[in-house]
Amino acid sequence: MISSDIIRGHLESVILKLIIEKDMYGYEISNYISDKTENRFNIKEATLYSVIARLQKKELISPYIGEKSHGGKRRYYTITPLGKAYYEQKIIEWKEVKSVLETLLEDKS
Amino acid sequence: MRKIENFVKHTFKDVSKEGKAELIKSVTVSLIEKVEDLIELGMTEKEAIDKAVTEFGTVEDFFQVPEELTRKEKRRKTMNHYKNDLLFSGVGSIIIISILLYTNLYFNPSILWFVIPSIAVLWWPLAILYNLLNKRENRKEENDE
């Protein structure tokens, strides 16, 4: 399992993207990340909740109590307009970072 | 579910007062959600709680991102503070020593007694300098880790 600083620096964007796709609750997000990356990256709950708390404080996402498809209540998070704008900004930044790193690190063929 | 609550409270026991209750509440809620999900998948309650607790990580994981920034920021402030202290003590002792020198030369230039109190006064900036150098050394060590 990798746990690099590079990923950590972009966790906000990752979580915003997942919430834009679909409203999710805490554990669903961590599960989804593990599934999607086929366990190559597992987010620790401690890290996840701190990112969520930060996003919520910045009013990029907002919580609401929702019903799960079968049974219990969950605290779901949904994206705010501000969050969406922030995410779009971040994705531009990420593309820039990615292209810079690719230019610098990859072999010239 | 008491167990989860106690675990979260214990994990965050050293967090500063501000926002602590809110933090504990939201983390507890999220962890309980996880436990409920795991039970739905067929685990016993005990297994589910154990899994949630072991997978949680540490309080360091929780604060890794924001804390690092504030700590560096704080340290830079203290370094500037120490430098100001050094400047202040340096200027202060120069003023005192020149007054001593003046008094000495004016009233009894035959005996250079001003040297003695001057040495005493010099301990002031020296002590501050010692502190500053210690602080720097600590910072280097921390950066090396």
# chains A, B, ... in the order shown; residues from 1 in each chain; ligands from 1
$ interface_residues --of "chain A" --to "chain B" --cutoff "6 Å" --atoms "only C-alpha atoms" --output "PyMOL selection string"
chain A and resi 26-27+44-47+50
$ select_by_dssp --residues "segment 64-105 of chain A" --states "helix (DSSP H, G or I)" --output "compact mmCIF listing (two decimals) with N, CA and C atoms, in the first residue's frame"
# COMPACT_ATOMS: atom_id res chain seq x y z
N PRO A 81 -22.11 24.67 -4.32
CA PRO A 81 -21.61 25.37 -5.53
C PRO A 81 -20.16 25.81 -5.35
N LEU A 82 -19.86 26.28 -4.14
CA LEU A 82 -18.48 26.70 -3.85
C LEU A 82 -17.52 25.51 -4.01
N GLY A 83 -17.97 24.36 -3.53
CA GLY A 83 -17.15 23.16 -3.63
C GLY A 83 -16.87 22.79 -5.06
N LYS A 84 -17.89 22.93 -5.89
CA LYS A 84 -17.73 22.58 -7.29
C LYS A 84 -16.71 23.51 -7.96
N ALA A 85 -16.85 24.79 -7.68
CA ALA A 85 -15.90 25.76 -8.25
C ALA A 85 -14.48 25.47 -7.78
N TYR A 86 -14.36 25.16 -6.48
CA TYR A 86 -13.06 24.85 -5.90
C TYR A 86 -12.46 23.62 -6.58
N TYR A 87 -13.31 22.62 -6.81
CA TYR A 87 -12.84 21.40 -7.45
C TYR A 87 -12.34 21.68 -8.86
N GLU A 88 -13.08 22.50 -9.59
CA GLU A 88 -12.66 22.79 -10.96
C GLU A 88 -11.31 23.51 -10.99
N GLN A 89 -11.14 24.39 -10.01
CA GLN A 89 -9.85 25.08 -9.87
C GLN A 89 -8.74 24.07 -9.62
N LYS A 90 -9.03 23.16 -8.68
CA LYS A 90 -8.04 22.17 -8.26
C LYS A 90 -7.66 21.24 -9.40
N ILE A 91 -8.63 20.91 -10.25
CA ILE A 91 -8.36 19.96 -11.32
C ILE A 91 -7.45 20.59 -12.37
N ILE A 92 -7.62 21.89 -12.57
CA ILE A 92 -6.71 22.60 -13.48
C ILE A 92 -5.30 22.55 -12.92
N GLU A 93 -5.22 22.81 -11.62
CA GLU A 93 -3.93 22.78 -10.93
C GLU A 93 -3.29 21.40 -11.07
N TRP A 94 -4.10 20.35 -10.87
CA TRP A 94 -3.59 18.99 -10.92
C TRP A 94 -3.06 18.65 -12.31
N LYS A 95 -3.78 19.08 -13.34
CA LYS A 95 -3.33 18.78 -14.69
C LYS A 95 -1.98 19.44 -14.96
N GLU A 96 -1.84 20.64 -14.43
CA GLU A 96 -0.59 21.36 -14.56
C GLU A 96 0.55 20.60 -13.88
N VAL A 97 0.29 20.22 -12.63
CA VAL A 97 1.30 19.48 -11.85
C VAL A 97 1.68 18.20 -12.58
N LYS A 98 0.66 17.50 -13.07
CA LYS A 98 0.89 16.22 -13.72
C LYS A 98 1.77 16.40 -14.96
N SER A 99 1.45 17.42 -15.74
CA SER A 99 2.21 17.58 -16.98
C SER A 99 3.65 18.02 -16.68
N VAL A 100 3.80 18.82 -15.63
CA VAL A 100 5.16 19.22 -15.25
C VAL A 100 5.98 18.01 -14.82
N LEU A 101 5.37 17.17 -13.96
CA LEU A 101 6.10 16.00 -13.47
C LEU A 101 6.40 15.02 -14.60
N GLU A 102 5.45 14.88 -15.50
CA GLU A 102 5.69 13.99 -16.62
C GLU A 102 6.85 14.47 -17.47
N THR A 103 6.85 15.77 -17.71
CA THR A 103 7.95 16.32 -18.50
C THR A 103 9.29 16.07 -17.83
N LEU A 104 9.29 16.22 -16.50
CA LEU A 104 10.57 16.14 -15.81
C LEU A 104 11.02 14.72 -15.53
N LEU A 105 10.06 13.84 -15.24
CA LEU A 105 10.46 12.52 -14.74
C LEU A 105 10.49 11.43 -15.80
$ atom_distance --atom1 "atom CA of Ser16 of chain B" --atom2 "atom CA of Ile52 of chain A"
18.7 Å
$ atom_distance --atom1 "atom CA of Ser13 of chain A" --atom2 "atom CA of Asp35 of chain A"
17.9 Å
$ atom_distance --atom1 "atom CA of Arg2 of chain B" --atom2 "atom CA of Gly66 of chain A"
23.1 Å
$ residues_around --residues "Val115 of chain B" --least-positions-apart "3" --cutoff "9 Å" --atoms "only C-alpha atoms" --output "PyMOL selection string"
chain B and resi 97+100-101+112+118-120
